[in-house]
There are 2 protein chains.
Amino acid sequence: MKSDEPNISLSQLGEFGLIDRIRNQVADSRSVAVGIGDDCAATILPAGELLLTSKDLLIEDVHFRRDWTDMYHLGRKSAAVNLSDIAAMGGKATHLYLGVGLPKTLTAAEIDQFTSGFLDEANAAGATLCGGDTCRSNGSLLISVTVHGSILPEQVLRRDGAKQGDLIYVSGTIGDSALALAQLQRGDTPSTDLAQRHHSPTPRLALGQAIAKNNLATAMIDVSDGIFSDLGHILEQSQLGAQIIQNQVPLSESAQLHLNSHPNDAEIALRGGEDYELLFCAPATNNDKIKQLAAELKIPLTQIGICLPASQGLTLVTPAGQTQSFQSTGFNHFR
Amino acid sequence: MKSDEPNISLSQLGEFGLIDRIRNQVADSRSVAVGIGDDCAATILPAGELLLTSKDLLIEDVHFRRDWTDMYHLGRKSAAVNLSDIAAMGGKATHLYLGVGLPKTLTAAEIDQFTSGFLDEANAAGATLCGGDTCRSNGSLLISVTVHGSILPEQVLRRDGAKQGDLIYVSGTIGDSALALAQLQRGDTPSTDLAQRHHSPTPRLALGQAIAKNNLATAMIDVSDGIFSDLGHILEQSQLGAQIIQNQVPLSESAQLHLNSHPNDAEIALRGGEDYELLFCAPATNNDKIKQLAAELKIPLTQIGICLPASQGLTLVTPAGQTQSFQSTGFNHFR
């Protein structure tokens, strides 16, 4: 139940007013035995399935800037980046938990927009918001999301299962989000398409589940820190090396348009993060099935490289045909 | 594996160095199929049990001050306040997830102390750390914990089950934490006992489980915001009123000593929060069993009031025998 007074302040609304306001926007779910408003939520996990859990913090001026995004899309993205972790395991998303540290200056209307975006993204994923925490923040807006999913034990797609000779695939296109961010950081306005990829990424849940159910991949991860950094986790945990062919890394038309006029941004497109596409390794014998799945789901699945022995490290073949040896820890959050 | 250089900085350690550092301190658990270091943790829930989930944010200078506590006890408290929510449902604690937003000025040694406290508290509760998130914070230290527990469906203790005529009990003693906090806020030094209750509260897990298993209570909550505010949630959700007898609210010897010299602090002891004791309602016919349980567990369980019809509201009988009508929303986090 939204207030008739959208500019009502947080202190007027109060903590429990805010919780009621959120609870009233959440539909009932049969998998929720106890929902918002008790000490814990109590939920029902499908029999025989594993519980998948991930959590992500989003901190103002570290992960987002409020002058670059609206509250609705910030809500969507807060849910999406968490849901993407469920996709990366091959799981179904089931429940979400939302913690917020709110600056006093936020209005109830802004919180409504945030909640509305968060719930739209949750609903699109079939996940129910069933708990969280609300408190004030003296400074930045703080968002802490926990996501639950479930999966049959034999379907779990970990990072440590890739094998030498496996082909490396990514879904969708790479670099859109990083190009948008780079433009925002320069004070430029990114194209609508690129901005959309940055502010409102799509978690690849249906794709992740299809890959898991059909046993197509040996290892999978979502691209949050950049393809080299994220592939690096798979290689490290699978004790492998790999070679990536830069010309095969799929770019969107919008990214290609941008790179035509800003060729120096090619590195940003290649190495930037936050695309929330899936990167996975699969034996070459699965290539036909993977192409078929791409056609069925209408999601591009592109082979960008191959897994090699660990001794070969991670290398990139550039468009000019040179081989670059790659030492990447990707995005170091503490730099 | 702790570094030989305790003053190594966060940026030297790096995000993945930090994650490795934490992972190496965590023992394996059979209930964890995939632990720290993948997109999600994958855990096993006991068959037929509900999953309990709660999450709490702890924000520097909102929930704690680093000049008032050491990092070890901050770690303990961060786990404890979350575990207390599992206790309040009557559940077993199973898994913990830790998200941290870290100021660059923190040293690896400080993070080790925090982690050590967090893991000591987790181990005491039988819960395994199996995931989380690490990122930098531009300002305050931010801590976001998610806790999992499990419980048989028929044992869940909600807030909405209290009945008219039920007696109201609290465990342990009330007010110690609030008295310590009030002294810290005034620039005074609280006694060791009171400070300990504030900096390192004990989640009442064994007690909560015993109450749930023996079907002793109709509703339960942990005392985080103060007995009136927290009882208020039970009354609101159970559609009841209640009367509390101030003289029956159990005070520790340390609290009593403090109040002897600071009688004006009686209100603080009565209304302050963060004791993390359990408050529960139970039919009078269970009183003998509750006394027996208190003796067995060596935890005081004290009757402090009675549930009444909603029309009577929430009232307090003062030591002078006066009845105060009580309008409390307790601690409003946005004031």
# chains A, B, ... in the order shown; residues from 1 in each chain; ligands from 1
>>> closest_atom_pairs(of="chain A", to="chain B", cutoff="8 Å", atoms="only C-alpha atoms", output="CSV")
residue,atom,partner,partner_atom,distance
A:Leu10,CA,B:Phe334,CA,6.4
A:Ser11,CA,B:Phe334,CA,5.0
A:Gly14,CA,B:Phe334,CA,6.0
A:Glu15,CA,B:His333,CA,6.0
A:Val34,CA,B:Arg158,CA,8.0
A:Asp38,CA,B:Arg159,CA,6.3
A:Asp39,CA,B:Asp85,CA,5.2
A:Cys40,CA,B:Ser54,CA,4.8
A:Ala41,CA,B:Thr53,CA,5.3
A:Ala42,CA,B:Leu52,CA,4.6
A:Thr43,CA,B:Leu51,CA,5.2
A:Ile44,CA,B:Leu50,CA,5.4
A:Leu45,CA,B:Leu51,CA,7.2
A:Ala47,CA,B:Ala47,CA,7.1
A:Gly48,CA,B:Ala47,CA,7.8
A:Glu49,CA,B:Ile44,CA,7.8
A:Leu50,CA,B:Ile44,CA,5.4
A:Leu51,CA,B:Thr43,CA,5.2
A:Leu52,CA,B:Ala42,CA,4.6
A:Thr53,CA,B:Cys40,CA,5.2
A:Ser54,CA,B:Cys40,CA,4.8
A:Lys55,CA,B:Gly132,CA,5.7
A:Asp56,CA,B:Asp133,CA,5.7
A:Leu57,CA,B:Gly99,CA,6.8
A:Ile59,CA,B:Ser137,CA,7.2
A:Asp61,CA,B:Asn138,CA,7.7
A:Val62,CA,B:Ser137,CA,6.8
A:Asp85,CA,B:Asp39,CA,5.2
A:Ile86,CA,B:Cys40,CA,6.6
A:Ala88,CA,B:Asp39,CA,6.5
A:Met89,CA,B:Asp39,CA,6.7
A:Tyr97,CA,B:Lys55,CA,7.6
A:Gly99,CA,B:Leu57,CA,6.8
A:Val100,CA,B:Leu57,CA,7.8
A:Gly101,CA,B:Leu57,CA,7.6
A:Lys104,CA,B:Phe334,CA,7.1
A:Gly131,CA,B:Ser54,CA,7.0
A:Gly132,CA,B:Lys55,CA,5.7
A:Asp133,CA,B:Asp56,CA,5.7
A:Thr134,CA,B:His333,CA,8.0
A:Cys135,CA,B:His333,CA,5.5
A:Arg136,CA,B:Phe334,CA,5.6
A:Ser137,CA,B:Val62,CA,6.8
A:Asn138,CA,B:Val62,CA,7.1
A:Ser144,CA,B:Ser144,CA,6.8
A:Thr146,CA,B:Thr146,CA,7.4
A:Arg158,CA,B:Asp38,CA,6.6
A:Arg159,CA,B:Asp38,CA,6.3
A:Ile221,CA,B:Asp39,CA,6.7
A:Asp222,CA,B:Asp39,CA,7.7
A:Asn332,CA,B:Glu15,CA,6.0
A:His333,CA,B:Cys135,CA,5.5
A:Phe334,CA,B:Ser11,CA,5.0
A:Arg335,CA,B:Ser11,CA,5.4
>>> select_by_dssp(residues="region 62-281 of chain A", states="strand (DSSP E)", output="ChimeraX atom specification")
/A:92-102,128-136,142-151,167-171,219-222,240-245,278-281
>>> select_by_dssp(residues="region 195-266 of chain B", states="alpha helix (DSSP H)", output="JSON, numbers by chain")
{"B": [195, 196, 197, 198, 199, 205, 206, 207, 208, 209, 210, 211, 212, 213, 227, 228, 229, 230, 231, 232, 233, 234, 235, 236, 237, 238, 253, 254, 255, 256, 257, 258, 259, 260, 261, 266]}
>>> atom_distance(atom1="CA of Ile168 (chain B)", atom2="CA of Arg23 (chain A)")
27.8 Å
>>> closest_residue(among="B:Ile244, B:Ile111, B:Leu205, B:Ala80", to="Leu278 (chain B)", atoms="only C-alpha atoms")
B:Leu205
>>> residues_around(residues="Asn214 (chain A)", least_positions_apart="4", cutoff="12 Å", atoms="only C-alpha atoms", output="short mmCIF file (atom, residue, chain, number, x, y, z; two decimals) with N, CA and C atoms, in the first residue's frame")
data_model
loop_
_atom_site.label_atom_id
_atom_site.label_comp_id
_atom_site.auth_asym_id
_atom_site.auth_seq_id
_atom_site.Cartn_x
_atom_site.Cartn_y
_atom_site.Cartn_z
N GLY A 90 23.63 -22.85 -12.34
CA GLY A 90 22.63 -23.65 -13.06
C GLY A 90 21.31 -23.79 -12.30
N GLU A 154 23.24 -33.37 -8.69
CA GLU A 154 24.03 -33.82 -9.85
C GLU A 154 24.09 -32.76 -10.95
N GLN A 155 23.33 -31.68 -10.80
CA GLN A 155 23.33 -30.65 -11.85
C GLN A 155 24.22 -29.45 -11.53
N VAL A 156 24.71 -29.36 -10.30
CA VAL A 156 25.45 -28.16 -9.88
C VAL A 156 26.65 -27.89 -10.79
N LEU A 157 26.74 -26.66 -11.29
CA LEU A 157 27.87 -26.28 -12.13
C LEU A 157 28.86 -25.43 -11.34
N LEU A 207 18.88 -19.79 -19.20
CA LEU A 207 20.03 -20.37 -19.88
C LEU A 207 20.85 -21.23 -18.92
N GLY A 208 21.13 -20.70 -17.74
CA GLY A 208 21.92 -21.47 -16.77
C GLY A 208 21.26 -22.80 -16.45
N GLN A 209 19.93 -22.76 -16.25
CA GLN A 209 19.21 -24.00 -15.93
C GLN A 209 19.25 -24.99 -17.09
N ALA A 210 19.11 -24.47 -18.30
CA ALA A 210 19.11 -25.37 -19.47
C ALA A 210 20.48 -26.03 -19.62
N THR A 218 31.09 -28.16 -18.19
CA THR A 218 31.91 -28.74 -17.13
C THR A 218 32.18 -27.74 -16.01
N ALA A 282 32.93 -26.41 -22.07
CA ALA A 282 32.18 -27.61 -22.48
C ALA A 282 33.03 -28.43 -23.44
N ASN A 286 29.90 -31.39 -27.34
CA ASN A 286 28.61 -30.77 -27.02
C ASN A 286 28.30 -29.57 -27.90
N LYS A 289 24.84 -29.42 -29.63
CA LYS A 289 23.75 -29.21 -28.66
C LYS A 289 23.73 -27.78 -28.15
N ILE A 290 24.90 -27.20 -27.98
CA ILE A 290 24.98 -25.82 -27.50
C ILE A 290 24.43 -24.85 -28.55
N GLN A 292 22.18 -25.62 -30.73
CA GLN A 292 20.73 -25.85 -30.74
C GLN A 292 20.05 -25.09 -29.58
N LEU A 293 20.68 -25.15 -28.41
CA LEU A 293 20.14 -24.44 -27.24
C LEU A 293 20.10 -22.94 -27.50
#
>>> residues_around(residues="Ser252 (chain A)", least_positions_apart="2", cutoff="8 Å", atoms="only C-alpha atoms", output="list in words")
Thr173, Ile174, Asp176, Pro250, Ser254, Ala255 and Gln256 of chain A
>>> write_last_selection(atoms="N, CA and C atoms", output="PDB file, in the first residue's frame")
ATOM      1  N   THR A 173      26.479 -10.705 -25.388  1.00  0.00           N
ATOM      2  CA  THR A 173      27.608  -9.896 -25.854  1.00  0.00           C
ATOM      3  C   THR A 173      28.383  -9.368 -24.660  1.00  0.00           C
ATOM      4  N   ILE A 174      29.647  -9.073 -24.915  1.00  0.00           N
ATOM      5  CA  ILE A 174      30.593  -8.708 -23.852  1.00  0.00           C
ATOM      6  C   ILE A 174      31.019  -7.254 -24.027  1.00  0.00           C
ATOM      7  N   ASP A 176      29.473  -4.320 -23.190  1.00  0.00           N
ATOM      8  CA  ASP A 176      28.498  -3.214 -23.225  1.00  0.00           C
ATOM      9  C   ASP A 176      28.490  -2.423 -21.922  1.00  0.00           C
ATOM     10  N   PRO A 250      32.148 -11.833 -28.629  1.00  0.00           N
ATOM     11  CA  PRO A 250      30.992 -11.217 -29.291  1.00  0.00           C
ATOM     12  C   PRO A 250      30.690  -9.806 -28.777  1.00  0.00           C
ATOM     13  N   SER A 254      25.725  -1.981 -30.768  1.00  0.00           N
ATOM     14  CA  SER A 254      25.956  -0.698 -30.097  1.00  0.00           C
ATOM     15  C   SER A 254      27.408  -0.563 -29.671  1.00  0.00           C
ATOM     16  N   ALA A 255      27.988  -1.658 -29.169  1.00  0.00           N
ATOM     17  CA  ALA A 255      29.396  -1.613 -28.767  1.00  0.00           C
ATOM     18  C   ALA A 255      30.270  -1.397 -30.000  1.00  0.00           C
ATOM     19  N   GLN A 256      29.933  -2.093 -31.113  1.00  0.00           N
ATOM     20  CA  GLN A 256      30.729  -1.966 -32.336  1.00  0.00           C
ATOM     21  C   GLN A 256      30.661  -0.550 -32.878  1.00  0.00           C
TER      22      GLN A 256
END
